[in-house]
file run_9.txt (compact mmCIF, C-alpha atoms)
# COMPACT_ATOMS: atom_id res chain seq x y z
CA MET A 12 -35.82 -67.28 -63.29
CA ILE A 13 -33.70 -65.36 -60.81
CA ARG A 14 -30.58 -66.79 -62.48
CA PHE A 15 -31.76 -65.37 -65.80
CA ALA A 16 -32.31 -61.96 -64.29
CA LEU A 17 -28.72 -61.94 -63.11
CA PHE A 18 -27.56 -61.88 -66.73
CA LEU A 19 -29.75 -58.91 -67.60
CA PRO A 20 -27.05 -56.27 -66.92
CA VAL A 21 -24.58 -58.17 -69.13
CA ALA A 22 -27.19 -58.40 -71.88
CA LEU A 23 -27.91 -54.67 -71.62
CA PHE A 24 -24.20 -53.93 -71.76
CA VAL A 25 -23.79 -56.00 -74.92
CA VAL A 26 -26.76 -54.28 -76.60
CA LEU A 27 -25.44 -50.84 -75.67
CA SER A 28 -21.94 -51.73 -76.89
CA VAL A 29 -23.29 -52.81 -80.27
CA VAL A 30 -25.34 -49.61 -80.61
CA LEU A 31 -22.34 -47.44 -79.74
CA LEU A 32 -20.04 -49.46 -81.98
CA LEU A 33 -22.34 -48.88 -84.94
CA GLY A 34 -22.30 -45.18 -84.08
CA LEU A 35 -18.54 -45.10 -84.63
CA ASP A 36 -19.07 -45.69 -88.34
CA GLY A 37 -20.84 -42.38 -88.91
CA ASP A 38 -18.91 -39.32 -90.03
CA PRO A 39 -19.38 -36.70 -87.30
CA THR A 40 -18.45 -33.84 -89.62
CA GLU A 41 -21.32 -34.58 -91.97
CA LEU A 42 -24.65 -32.90 -91.36
CA PRO A 43 -27.93 -34.39 -92.48
CA SER A 44 -29.18 -32.54 -95.53
CA ALA A 45 -32.21 -30.45 -94.75
CA LEU A 46 -32.74 -29.35 -98.34
CA VAL A 47 -32.80 -32.58 -100.31
CA GLY A 48 -36.20 -32.79 -102.00
CA GLU A 49 -36.78 -29.06 -101.61
CA PRO A 50 -36.76 -26.51 -104.41
CA PHE A 51 -33.58 -24.49 -104.76
CA PRO A 52 -34.00 -21.43 -102.53
CA ALA A 53 -35.04 -18.15 -104.09
CA PHE A 54 -32.24 -15.63 -104.57
CA LYS A 55 -31.14 -12.73 -106.69
CA LEU A 56 -27.42 -12.16 -106.89
CA GLU A 57 -24.91 -10.75 -109.32
CA ALA A 58 -23.11 -13.09 -111.67
CA LEU A 59 -19.40 -13.47 -111.10
CA ASP A 60 -18.96 -11.95 -114.54
CA PRO A 61 -20.51 -8.46 -114.15
CA GLU A 62 -21.52 -8.46 -117.81
CA GLN A 63 -24.03 -11.24 -117.09
CA GLY A 64 -25.96 -9.03 -114.72
CA PHE A 65 -28.16 -10.61 -112.06
CA ILE A 66 -29.02 -14.26 -111.65
CA ASP A 67 -32.03 -15.70 -109.86
CA GLU A 68 -33.32 -19.20 -109.17
CA GLN A 69 -35.35 -19.23 -112.40
CA GLN A 70 -32.12 -19.51 -114.36
CA LEU A 71 -31.37 -22.79 -112.63
CA ILE A 72 -34.53 -24.43 -113.95
CA GLY A 73 -34.78 -26.43 -117.15
CA GLU A 74 -31.77 -28.70 -117.08
CA VAL A 75 -30.28 -31.22 -114.68
CA ALA A 76 -27.22 -29.50 -113.24
CA LEU A 77 -24.69 -29.41 -110.48
CA VAL A 78 -24.40 -26.34 -108.30
CA ASN A 79 -20.86 -26.26 -107.00
CA VAL A 80 -19.91 -24.01 -104.07
CA TRP A 81 -16.33 -22.84 -104.53
CA ALA A 82 -13.91 -20.15 -103.48
CA THR A 83 -10.29 -19.31 -104.13
CA TRP A 84 -9.52 -19.49 -100.41
CA CYS A 85 -10.79 -23.04 -100.35
CA TYR A 86 -7.86 -25.41 -100.57
CA ALA A 87 -9.91 -28.53 -101.26
CA CYS A 88 -11.53 -26.77 -104.22
CA ARG A 89 -8.16 -26.95 -106.00
CA ILE A 90 -8.16 -30.70 -105.67
CA GLU A 91 -11.70 -30.90 -106.95
CA HIS A 92 -11.28 -28.56 -109.91
CA ALA A 93 -9.78 -31.08 -112.34
CA LYS A 94 -12.72 -33.41 -111.82
CA LEU A 95 -15.16 -30.55 -112.43
CA ASN A 96 -13.37 -29.68 -115.69
CA GLN A 97 -13.60 -33.29 -116.76
CA LEU A 98 -17.31 -33.48 -115.91
CA ALA A 99 -18.02 -30.26 -117.78
CA GLU A 100 -16.21 -31.64 -120.81
CA SER A 101 -18.32 -34.76 -120.72
CA GLY A 102 -21.42 -32.58 -120.91
CA VAL A 103 -22.49 -32.13 -117.29
CA LYS A 104 -23.86 -28.65 -116.70
CA ILE A 105 -22.15 -27.11 -113.68
CA ILE A 106 -23.23 -23.84 -112.15
CA GLY A 107 -20.70 -22.19 -109.86
CA LEU A 108 -21.54 -20.52 -106.60
CA ASN A 109 -18.56 -18.35 -105.81
CA TYR A 110 -18.78 -18.16 -102.03
CA LYS A 111 -17.43 -15.25 -99.98
CA ASP A 112 -14.62 -14.55 -102.38
CA ASN A 113 -13.39 -11.60 -104.38
CA ARG A 114 -13.78 -11.16 -108.09
CA ALA A 115 -10.17 -10.54 -109.07
CA ASP A 116 -8.97 -13.74 -107.39
CA ALA A 117 -11.85 -15.69 -108.84
CA PHE A 118 -11.08 -14.56 -112.39
CA ASP A 119 -7.41 -15.46 -111.92
CA TRP A 120 -8.42 -18.86 -110.62
CA LEU A 121 -10.68 -19.60 -113.59
CA SER A 122 -8.18 -18.44 -116.20
CA LEU A 123 -5.42 -20.46 -114.53
CA ARG A 124 -7.33 -23.68 -113.90
CA GLY A 125 -10.04 -23.59 -116.55
CA ASP A 126 -13.67 -22.66 -116.18
CA PRO A 127 -16.03 -25.64 -115.89
CA TYR A 128 -18.99 -23.43 -115.00
CA ALA A 129 -21.85 -22.50 -117.31
CA PHE A 130 -21.91 -19.38 -115.15
CA SER A 131 -21.02 -18.51 -111.60
CA ILE A 132 -23.15 -16.79 -109.00
CA PHE A 133 -21.25 -14.23 -106.96
CA ASP A 134 -22.25 -14.64 -103.30
CA LEU A 135 -20.02 -12.10 -101.59
CA ARG A 136 -21.73 -12.14 -98.21
CA GLY A 137 -22.68 -15.80 -98.17
CA SER A 138 -26.40 -15.09 -98.00
CA LEU A 139 -27.32 -17.76 -100.54
CA GLY A 140 -24.81 -19.94 -98.72
CA ILE A 141 -26.88 -19.65 -95.55
CA ASP A 142 -30.10 -20.37 -97.44
CA LEU A 143 -28.46 -23.52 -98.79
CA GLY A 144 -27.11 -24.54 -95.39
CA VAL A 145 -23.55 -24.31 -96.67
CA TYR A 146 -20.96 -24.69 -93.91
CA GLY A 147 -17.80 -25.20 -95.86
CA ALA A 148 -16.60 -25.28 -99.43
CA PRO A 149 -16.56 -27.27 -101.57
CA GLU A 150 -20.16 -28.41 -101.54
CA THR A 151 -22.13 -29.66 -104.49
CA PHE A 152 -25.88 -29.85 -105.05
CA LEU A 153 -27.47 -31.94 -107.78
CA ILE A 154 -30.64 -30.27 -109.04
CA ASP A 155 -33.21 -31.75 -111.37
CA ALA A 156 -34.76 -30.08 -114.40
CA GLN A 157 -37.51 -28.58 -112.23
CA GLY A 158 -34.94 -26.91 -110.01
CA ASN A 159 -35.35 -29.20 -107.01
CA ILE A 160 -32.36 -30.23 -104.96
CA ARG A 161 -31.95 -33.99 -105.28
CA TYR A 162 -28.58 -34.65 -103.70
CA ARG A 163 -25.97 -32.84 -101.72
CA ARG A 164 -22.33 -33.60 -101.25
CA VAL A 165 -20.21 -31.83 -98.65
CA GLY A 166 -16.57 -32.10 -99.60
CA VAL A 167 -14.56 -32.89 -102.68
CA ILE A 168 -15.99 -34.72 -105.68
CA ASP A 169 -13.47 -37.14 -107.14
CA ASP A 170 -13.85 -40.14 -109.45
CA ARG A 171 -14.93 -42.43 -106.64
CA VAL A 172 -17.47 -40.00 -105.20
CA TRP A 173 -18.93 -39.29 -108.62
CA GLU A 174 -19.28 -42.99 -109.40
CA ASN A 175 -20.69 -43.94 -105.99
CA GLU A 176 -22.91 -41.01 -105.17
CA PHE A 177 -23.77 -39.03 -108.29
CA ALA A 178 -23.52 -41.01 -111.53
CA GLU A 179 -26.57 -43.20 -111.10
CA LEU A 180 -28.90 -40.45 -109.87
CA TYR A 181 -27.60 -38.03 -112.49
CA ALA A 182 -28.25 -40.51 -115.29
CA LYS A 183 -31.73 -41.20 -113.93
CA LEU A 184 -32.65 -37.53 -113.69
CA LYS A 185 -31.17 -36.85 -117.08
CA ALA A 186 -33.23 -39.69 -118.63
CA LYS A 187 -36.37 -38.36 -116.96
CA ALA A 188 -35.75 -34.83 -118.18
CA LEU A 189 -35.62 -35.92 -121.81
CA MET B 15 0.81 11.89 -62.53
CA LYS B 16 1.24 8.13 -62.63
CA ARG B 17 -2.35 7.68 -61.57
CA LEU B 18 -3.53 10.08 -64.24
CA ALA B 19 -1.56 8.18 -66.85
CA PHE B 20 -3.18 4.94 -65.71
CA VAL B 21 -6.64 6.46 -65.98
CA MET B 22 -5.80 7.76 -69.44
CA PHE B 23 -4.62 4.31 -70.38
CA LEU B 24 -7.89 2.74 -69.22
CA LEU B 25 -9.89 5.37 -71.06
CA ALA B 26 -7.92 4.79 -74.21
CA THR B 27 -8.03 0.98 -74.18
CA GLY B 28 -11.54 0.44 -72.79
CA PRO B 29 -13.40 0.93 -76.07
CA VAL B 30 -10.92 -1.31 -77.86
CA ILE B 31 -11.78 -4.18 -75.56
CA ALA B 32 -15.48 -3.45 -75.70
CA THR B 33 -15.73 -3.47 -79.47
CA SER B 34 -14.59 -7.06 -79.87
CA ASP B 35 -17.74 -8.66 -81.21
CA LEU B 36 -20.03 -6.12 -79.58
CA VAL B 37 -23.53 -6.53 -80.85
CA VAL B 38 -25.84 -3.58 -80.54
CA PHE B 39 -29.56 -4.03 -80.91
CA SER B 40 -32.28 -1.48 -81.51
CA ASP B 41 -34.22 -3.05 -78.65
CA PRO B 42 -32.20 -3.86 -75.49
CA SER B 43 -34.36 -6.93 -74.78
CA TYR B 44 -32.89 -8.56 -77.90
CA THR B 45 -29.46 -8.73 -76.30
CA ALA B 46 -30.43 -11.37 -73.74
CA ARG B 47 -32.31 -13.39 -76.33
CA TYR B 48 -29.35 -13.18 -78.69
CA GLN B 49 -26.99 -14.43 -75.99
CA THR B 50 -29.30 -17.35 -75.16
CA MET B 51 -29.77 -18.28 -78.80
CA ILE B 52 -26.11 -18.28 -79.74
CA THR B 53 -25.27 -20.50 -76.76
CA GLU B 54 -28.00 -22.98 -77.72
CA LEU B 55 -27.20 -23.06 -81.43
CA ARG B 56 -24.45 -25.32 -82.62
CA CYS B 57 -21.71 -24.40 -85.04
CA PRO B 58 -22.25 -26.63 -88.10
CA LYS B 59 -18.58 -26.73 -89.04
CA CYS B 60 -17.05 -27.40 -85.64
CA GLN B 61 -17.24 -30.50 -83.54
CA ASN B 62 -19.28 -29.66 -80.48
CA GLN B 63 -19.01 -25.91 -80.13
CA ASN B 64 -21.83 -23.43 -79.98
CA LEU B 65 -22.05 -20.28 -82.05
CA ALA B 66 -21.02 -18.15 -79.08
CA ASP B 67 -17.76 -20.01 -78.50
CA SER B 68 -16.74 -20.58 -82.08
CA ASN B 69 -14.71 -18.17 -84.14
CA SER B 70 -15.07 -20.02 -87.41
CA PRO B 71 -16.29 -17.88 -90.33
CA ILE B 72 -19.56 -19.78 -90.56
CA SER B 73 -20.26 -19.12 -86.88
CA GLN B 74 -19.59 -15.43 -87.37
CA ASP B 75 -22.00 -15.45 -90.30
CA LEU B 76 -24.64 -17.32 -88.35
CA ARG B 77 -24.33 -14.99 -85.37
CA ALA B 78 -24.88 -12.09 -87.75
CA GLU B 79 -27.83 -13.98 -89.20
CA VAL B 80 -29.38 -14.51 -85.75
CA GLN B 81 -28.91 -10.80 -85.09
CA ARG B 82 -30.57 -9.93 -88.39
CA LEU B 83 -33.51 -12.24 -87.73
CA LEU B 84 -34.00 -10.81 -84.23
CA GLU B 85 -34.10 -7.32 -85.68
CA LEU B 86 -36.71 -8.54 -88.15
CA GLY B 87 -38.87 -9.25 -85.11
CA MET B 88 -38.86 -13.03 -85.40
CA THR B 89 -39.56 -15.08 -82.25
CA ASN B 90 -37.03 -17.61 -80.93
CA PRO B 91 -38.96 -20.63 -82.28
CA GLU B 92 -39.24 -18.91 -85.66
CA ILE B 93 -35.50 -18.35 -85.77
CA GLU B 94 -34.84 -21.97 -84.79
CA GLN B 95 -37.25 -23.09 -87.48
CA TYR B 96 -35.53 -20.85 -90.03
CA LEU B 97 -32.11 -22.28 -89.22
CA THR B 98 -33.17 -25.93 -88.99
CA ALA B 99 -34.77 -25.62 -92.43
CA ARG B 100 -31.31 -24.81 -93.75
CA TYR B 101 -28.89 -26.60 -91.45
CA SER B 102 -31.09 -29.45 -90.17
CA GLU B 103 -31.69 -30.22 -86.52
CA PHE B 104 -27.96 -30.71 -86.07
CA ILE B 105 -27.77 -27.01 -85.32
CA LEU B 106 -29.97 -27.24 -82.22
CA TYR B 107 -28.26 -28.14 -78.97
CA ARG B 108 -31.72 -28.51 -77.42
CA PRO B 109 -33.39 -30.99 -79.74
CA GLN B 110 -37.05 -30.59 -80.64
CA VAL B 111 -39.53 -33.18 -79.38
CA ASN B 112 -40.63 -35.16 -82.43
CA ASN B 113 -40.76 -38.71 -83.76
CA ASN B 114 -36.99 -38.92 -84.05
CA THR B 115 -36.23 -37.62 -80.60
CA TYR B 116 -39.03 -38.86 -78.33
CA LEU B 117 -36.82 -41.77 -77.26
CA LEU B 118 -34.10 -39.30 -76.31
CA TRP B 119 -36.49 -37.18 -74.27
CA LEU B 120 -38.39 -40.07 -72.63
CA ALA B 121 -35.42 -42.34 -71.90
CA PRO B 122 -34.37 -40.58 -68.65
CA ILE B 123 -37.91 -40.78 -67.26
CA VAL B 124 -38.34 -44.39 -68.32
CA ILE B 125 -34.98 -45.40 -66.85
CA LEU B 126 -35.83 -43.58 -63.62
CA LEU B 127 -39.16 -45.45 -63.42
CA ILE B 128 -37.46 -48.79 -64.07
CA GLY B 129 -34.92 -48.02 -61.36
CA MET B 130 -37.64 -47.08 -58.91
CA ALA B 131 -39.56 -50.26 -59.73
CA ILE B 132 -36.47 -52.38 -59.08
CA VAL B 133 -35.75 -50.66 -55.77
CA PHE B 134 -39.38 -50.98 -54.76
CA GLY B 135 -39.46 -54.66 -55.75
CA LEU B 136 -36.29 -55.45 -53.80
CA SER B 137 -37.54 -53.69 -50.68
CA ARG B 138 -40.80 -55.62 -50.80
CA ARG B 139 -39.17 -59.03 -51.19
CA PRO B 140 -39.39 -61.08 -47.96
CA LYS B 141 -36.09 -61.46 -46.13
CA ALA B 142 -34.36 -64.75 -46.92
CA VAL B 143 -35.57 -67.27 -44.34
CA PRO B 144 -32.67 -68.95 -42.52
CA GLN B 145 -32.49 -72.71 -42.99
CA VAL B 146 -34.58 -74.32 -40.29
CA GLN B 147 -32.60 -76.54 -37.98
CA ARG B 148 -33.98 -79.99 -38.33
CA ASP B 149 -33.57 -82.77 -35.91
CA THR B 150 -31.95 -85.84 -37.37
CA THR B 151 -34.27 -88.75 -37.84
CA GLN B 152 -33.79 -92.04 -36.16
CA THR B 153 -32.48 -93.79 -39.33
CA GLU B 154 -30.00 -91.04 -39.85
CA GLN B 155 -28.82 -91.45 -36.25
CA GLN B 156 -28.24 -95.13 -36.80
CA ARG B 157 -26.35 -94.53 -40.04
CA LEU B 158 -24.24 -91.95 -38.35
CA ALA B 159 -23.40 -94.26 -35.52
CA GLU B 160 -22.38 -96.95 -38.01
CA LEU B 161 -20.14 -94.61 -39.92
CA LEU B 162 -18.48 -93.46 -36.76
CA LYS B 163 -17.98 -97.01 -35.69
CA ASP B 164 -16.42 -97.87 -39.07
CA GLY B 165 -14.20 -94.87 -38.88
CA ASN B 166 -12.87 -95.92 -35.51
CA LYS B 167 -11.65 -99.20 -36.77

call {"tool": "encode", "arguments": {"input": "run_9.txt", "output": "structure tokens"}}
result
Amino acid sequence: MIRFALFLPVALFVVLSVVLLLGLDGDPTELPSALVGEPFPAFKLEALDPEQGFIDEQQLIGEVALVNVWATWCYACRIEHAKLNQLAESGVKIIGLNYKDNRADAFDWLSLRGDPYAFSIFDLRGSLGIDLGVYGAPETFLIDAQGNIRYRRVGVIDDRVWENEFAELYAKLKAKAL
Amino acid sequence: MKRLAFVMFLLATGPVIATSDLVVFSDPSYTARYQTMITELRCPKCQNQNLADSNSPISQDLRAEVQRLLELGMTNPEIEQYLTARYSEFILYRPQVNNNTYLLWLAPIVILLIGMAIVFGLSRRPKAVPQVQRDTTQTEQQRLAELLKDGNK
């Protein structure tokens, strides 16, 4: 019995090592999503295109869509843009959230790289960004037809990310909305 | 003259230093609360920096947000609640006590109790009794004598 107790520290060490080893797999830059399952926060902001006037959360309801947080100062958004264009072409509705940017640059960006967005919200001060818990662009939210946030991706969407994280849920939500 | 120039220099540069991130509140008591909050809130973008230490744009925004919420008259727990609803509990350096964190909060106490129990148990254990010297029996004596005799051959 005493002999067994002598091995207790070793056993504890092994257990702790395994726990810590598993912890290494996590991505420390990724925050848990507080908003998944919640309705898209209420807001009222100008559209990027001044002719479209103001946009509020009601205009996000009715169709499964992506809300993509982007800015011209965001380098990774450049990498992502081609994929967004491709998704928009294949019929995915993408709503832009232009985050802490300026209009002139944003228009240049869209005319140069193509505009995948049904419309873009112009969040100059990042207030909607804070309500969404945005901490870096690009970020993408998948919302269902009722306007609830169903998934959130921090970082670039590419083919692999779309296939692994979005495609299945998007198809499911889309089927349900019909 | 030199002294006067130095004083002028201090007068001229003082406000410049003071305005770097100076936050002015309508109620002076907010200042201390603001300082406490921004040291206990974590920058979501950085790895292990609080809002006070970080100069990232998101930290600047969140400091301004804390300031705004204080001016709205929200209490500290209300502000924490407001921010965790958006940024998750990641943003709190002092985690809340709930189902996910009770282990974290209780572990030090539990480990301390286990340690105390071990120390207590060891101190109560009777001292190891030294092996009692035992006289050799008669048969053993004979055997010994035989062996010695054999050895002397």

call {"tool": "residues_around", "arguments": {"input": "run_9.txt", "residues": "A:Asn109", "least_positions_apart": "5", "cutoff": "6 Å", "atoms": "only C-alpha atoms", "output": "JSON, numbers by chain"}}
result
{"A": [81, 82, 132, 133, 134]}

call {"tool": "write_last_selection", "arguments": {"input": "run_9.txt", "atoms": "C-alpha atoms", "output": "compact mmCIF listing (two decimals), in the frame of the given file"}}
result
# COMPACT_ATOMS: atom_id res chain seq x y z
CA TRP A 81 -16.33 -22.84 -104.53
CA ALA A 82 -13.91 -20.15 -103.48
CA ILE A 132 -23.15 -16.79 -109.00
CA PHE A 133 -21.25 -14.23 -106.96
CA ASP A 134 -22.25 -14.64 -103.30

call {"tool": "atom_distance", "arguments": {"input": "run_9.txt", "atom1": "atom CA of A:Leu184", "atom2": "atom CA of A:Ile106"}}
result
16.7 Å

call {"tool": "closest_atom_pairs", "arguments": {"input": "run_9.txt", "of": "chain A", "to": "chain B", "cutoff": "7 Å", "atoms": "only C-alpha atoms", "output": "Markdown table"}}
result
| residue | atom | partner | partner_atom | distance |
| --- | --- | --- | --- | --- |
| A:Leu42 | CA | B:Phe104 | CA | 6.6 |
| A:Pro43 | CA | B:Ser102 | CA | 6.3 |
| A:Ser44 | CA | B:Ser102 | CA | 6.5 |
| A:Ala45 | CA | B:Ser102 | CA | 4.8 |
| A:Leu46 | CA | B:Arg100 | CA | 6.6 |
| A:Asp142 | CA | B:Arg100 | CA | 5.9 |
| A:Leu143 | CA | B:Arg100 | CA | 5.9 |
| A:Gly144 | CA | B:Arg100 | CA | 4.5 |
| A:Tyr146 | CA | B:Lys59 | CA | 5.8 |

call {"tool": "write_last_selection", "arguments": {"input": "run_9.txt", "atoms": "C-alpha atoms", "output": "PDB file, keeping the file's coordinate frame"}}
result
ATOM      1  CA  LEU A  42     -24.650 -32.900 -91.360  1.00  0.00           C
ATOM      2  CA  PRO A  43     -27.930 -34.390 -92.480  1.00  0.00           C
ATOM      3  CA  SER A  44     -29.180 -32.540 -95.530  1.00  0.00           C
ATOM      4  CA  ALA A  45     -32.210 -30.450 -94.750  1.00  0.00           C
ATOM      5  CA  LEU A  46     -32.740 -29.350 -98.340  1.00  0.00           C
ATOM      6  CA  ASP A 142     -30.100 -20.370 -97.440  1.00  0.00           C
ATOM      7  CA  LEU A 143     -28.460 -23.520 -98.790  1.00  0.00           C
ATOM      8  CA  GLY A 144     -27.110 -24.540 -95.390  1.00  0.00           C
ATOM      9  CA  TYR A 146     -20.960 -24.690 -93.910  1.00  0.00           C
TER      10      TYR A 146
END

call {"tool": "atom_distance", "arguments": {"input": "run_9.txt", "atom1": "atom CA of A:Leu135", "atom2": "atom CA of A:Phe65"}}
result
13.3 Å

call {"tool": "axis_aligned_box", "arguments": {"input": "run_9.txt", "around": "stretch 49-61 of chain A", "padding_each_side": "8 Å", "output": "lines of an AutoDock Vina configuration file"}}
result
center_x = -27.9
center_y = -18.8
center_z = -108.1
size_x = 33.8
size_y = 36.6
size_z = 28.9

call {"tool": "decode", "arguments": {"input": "run_9.txt", "residues": "stretch 48-68 of chain B", "atoms": "N, CA, C and O atoms", "output": "PDB file, in the first residue's frame"}}
result
ATOM      1  N   TYR B  48     -12.117  53.622 -13.319  1.00  0.00           N
ATOM      2  CA  TYR B  48     -11.647  53.429 -14.695  1.00  0.00           C
ATOM      3  C   TYR B  48     -10.276  52.755 -14.697  1.00  0.00           C
ATOM      4  O   TYR B  48     -10.054  51.779 -15.402  1.00  0.00           O
ATOM      5  N   GLN B  49      -9.377  53.276 -13.847  1.00  0.00           N
ATOM      6  CA  GLN B  49      -8.031  52.706 -13.789  1.00  0.00           C
ATOM      7  C   GLN B  49      -8.078  51.231 -13.380  1.00  0.00           C
ATOM      8  O   GLN B  49      -7.391  50.391 -13.960  1.00  0.00           O
ATOM      9  N   THR B  50      -8.897  50.920 -12.358  1.00  0.00           N
ATOM     10  CA  THR B  50      -9.006  49.531 -11.911  1.00  0.00           C
ATOM     11  C   THR B  50      -9.558  48.654 -13.034  1.00  0.00           C
ATOM     12  O   THR B  50      -9.031  47.572 -13.306  1.00  0.00           O
ATOM     13  N   MET B  51     -10.602  49.152 -13.683  1.00  0.00           N
ATOM     14  CA  MET B  51     -11.248  48.327 -14.710  1.00  0.00           C
ATOM     15  C   MET B  51     -10.309  48.036 -15.870  1.00  0.00           C
ATOM     16  O   MET B  51     -10.224  46.897 -16.326  1.00  0.00           O
ATOM     17  N   ILE B  52      -9.592  49.061 -16.336  1.00  0.00           N
ATOM     18  CA  ILE B  52      -8.764  48.805 -17.522  1.00  0.00           C
ATOM     19  C   ILE B  52      -7.540  47.947 -17.190  1.00  0.00           C
ATOM     20  O   ILE B  52      -6.948  47.352 -18.075  1.00  0.00           O
ATOM     21  N   THR B  53      -7.168  47.861 -15.892  1.00  0.00           N
ATOM     22  CA  THR B  53      -6.089  46.920 -15.575  1.00  0.00           C
ATOM     23  C   THR B  53      -6.616  45.498 -15.414  1.00  0.00           C
ATOM     24  O   THR B  53      -5.860  44.542 -15.527  1.00  0.00           O
ATOM     25  N   GLU B  54      -7.914  45.363 -15.137  1.00  0.00           N
ATOM     26  CA  GLU B  54      -8.464  44.017 -14.943  1.00  0.00           C
ATOM     27  C   GLU B  54      -9.161  43.478 -16.186  1.00  0.00           C
ATOM     28  O   GLU B  54      -9.646  42.351 -16.182  1.00  0.00           O
ATOM     29  N   LEU B  55      -9.241  44.291 -17.226  1.00  0.00           N
ATOM     30  CA  LEU B  55      -9.832  43.829 -18.475  1.00  0.00           C
ATOM     31  C   LEU B  55      -8.711  43.513 -19.447  1.00  0.00           C
ATOM     32  O   LEU B  55      -7.700  44.199 -19.504  1.00  0.00           O
ATOM     33  N   ARG B  56      -8.948  42.453 -20.219  1.00  0.00           N
ATOM     34  CA  ARG B  56      -7.884  41.933 -21.058  1.00  0.00           C
ATOM     35  C   ARG B  56      -8.109  42.358 -22.505  1.00  0.00           C
ATOM     36  O   ARG B  56      -9.226  42.324 -22.993  1.00  0.00           O
ATOM     37  N   CYS B  57      -7.037  42.734 -23.140  1.00  0.00           N
ATOM     38  CA  CYS B  57      -7.115  43.100 -24.558  1.00  0.00           C
ATOM     39  C   CYS B  57      -7.431  41.842 -25.371  1.00  0.00           C
ATOM     40  O   CYS B  57      -6.711  40.857 -25.274  1.00  0.00           O
ATOM     41  N   PRO B  58      -8.518  41.855 -26.167  1.00  0.00           N
ATOM     42  CA  PRO B  58      -8.887  40.628 -26.880  1.00  0.00           C
ATOM     43  C   PRO B  58      -7.932  40.273 -28.013  1.00  0.00           C
ATOM     44  O   PRO B  58      -7.827  39.115 -28.398  1.00  0.00           O
ATOM     45  N   LYS B  59      -7.237  41.266 -28.538  1.00  0.00           N
ATOM     46  CA  LYS B  59      -6.374  41.017 -29.695  1.00  0.00           C
ATOM     47  C   LYS B  59      -4.978  40.566 -29.283  1.00  0.00           C
ATOM     48  O   LYS B  59      -4.308  39.831 -29.993  1.00  0.00           O
ATOM     49  N   CYS B  60      -4.532  41.051 -28.118  1.00  0.00           N
ATOM     50  CA  CYS B  60      -3.146  40.788 -27.732  1.00  0.00           C
ATOM     51  C   CYS B  60      -3.076  39.477 -26.955  1.00  0.00           C
ATOM     52  O   CYS B  60      -4.070  38.971 -26.479  1.00  0.00           O
ATOM     53  N   GLN B  61      -1.852  38.975 -26.829  1.00  0.00           N
ATOM     54  CA  GLN B  61      -1.658  37.824 -25.976  1.00  0.00           C
ATOM     55  C   GLN B  61      -1.224  38.330 -24.606  1.00  0.00           C
ATOM     56  O   GLN B  61      -0.113  38.814 -24.441  1.00  0.00           O
ATOM     57  N   ASN B  62      -2.112  38.216 -23.653  1.00  0.00           N
ATOM     58  CA  ASN B  62      -1.788  38.540 -22.269  1.00  0.00           C
ATOM     59  C   ASN B  62      -1.330  39.981 -22.033  1.00  0.00           C
ATOM     60  O   ASN B  62      -0.233  40.223 -21.546  1.00  0.00           O
ATOM     61  N   GLN B  63      -2.171  40.910 -22.389  1.00  0.00           N
ATOM     62  CA  GLN B  63      -1.960  42.307 -22.010  1.00  0.00           C
ATOM     63  C   GLN B  63      -3.317  42.852 -21.580  1.00  0.00           C
ATOM     64  O   GLN B  63      -4.338  42.464 -22.129  1.00  0.00           O
ATOM     65  N   ASN B  64      -3.293  43.751 -20.602  1.00  0.00           N
ATOM     66  CA  ASN B  64      -4.577  44.348 -20.240  1.00  0.00           C
ATOM     67  C   ASN B  64      -4.829  45.596 -21.074  1.00  0.00           C
ATOM     68  O   ASN B  64      -3.978  46.038 -21.840  1.00  0.00           O
ATOM     69  N   LEU B  65      -6.025  46.126 -20.928  1.00  0.00           N
ATOM     70  CA  LEU B  65      -6.389  47.291 -21.745  1.00  0.00           C
ATOM     71  C   LEU B  65      -5.502  48.487 -21.434  1.00  0.00           C
ATOM     72  O   LEU B  65      -5.225  49.313 -22.297  1.00  0.00           O
ATOM     73  N   ALA B  66      -5.058  48.577 -20.172  1.00  0.00           N
ATOM     74  CA  ALA B  66      -4.247  49.726 -19.779  1.00  0.00           C
ATOM     75  C   ALA B  66      -2.888  49.698 -20.467  1.00  0.00           C
ATOM     76  O   ALA B  66      -2.355  50.736 -20.844  1.00  0.00           O
ATOM     77  N   ASP B  67      -2.314  48.519 -20.623  1.00  0.00           N
ATOM     78  CA  ASP B  67      -0.958  48.412 -21.158  1.00  0.00           C
ATOM     79  C   ASP B  67      -0.914  48.378 -22.678  1.00  0.00           C
ATOM     80  O   ASP B  67       0.124  48.615 -23.274  1.00  0.00           O
ATOM     81  N   SER B  68      -2.026  48.032 -23.288  1.00  0.00           N
ATOM     82  CA  SER B  68      -2.003  47.781 -24.718  1.00  0.00           C
ATOM     83  C   SER B  68      -2.308  49.045 -25.512  1.00  0.00           C
ATOM     84  O   SER B  68      -3.170  49.833 -25.153  1.00  0.00           O
TER      85      SER B  68
END
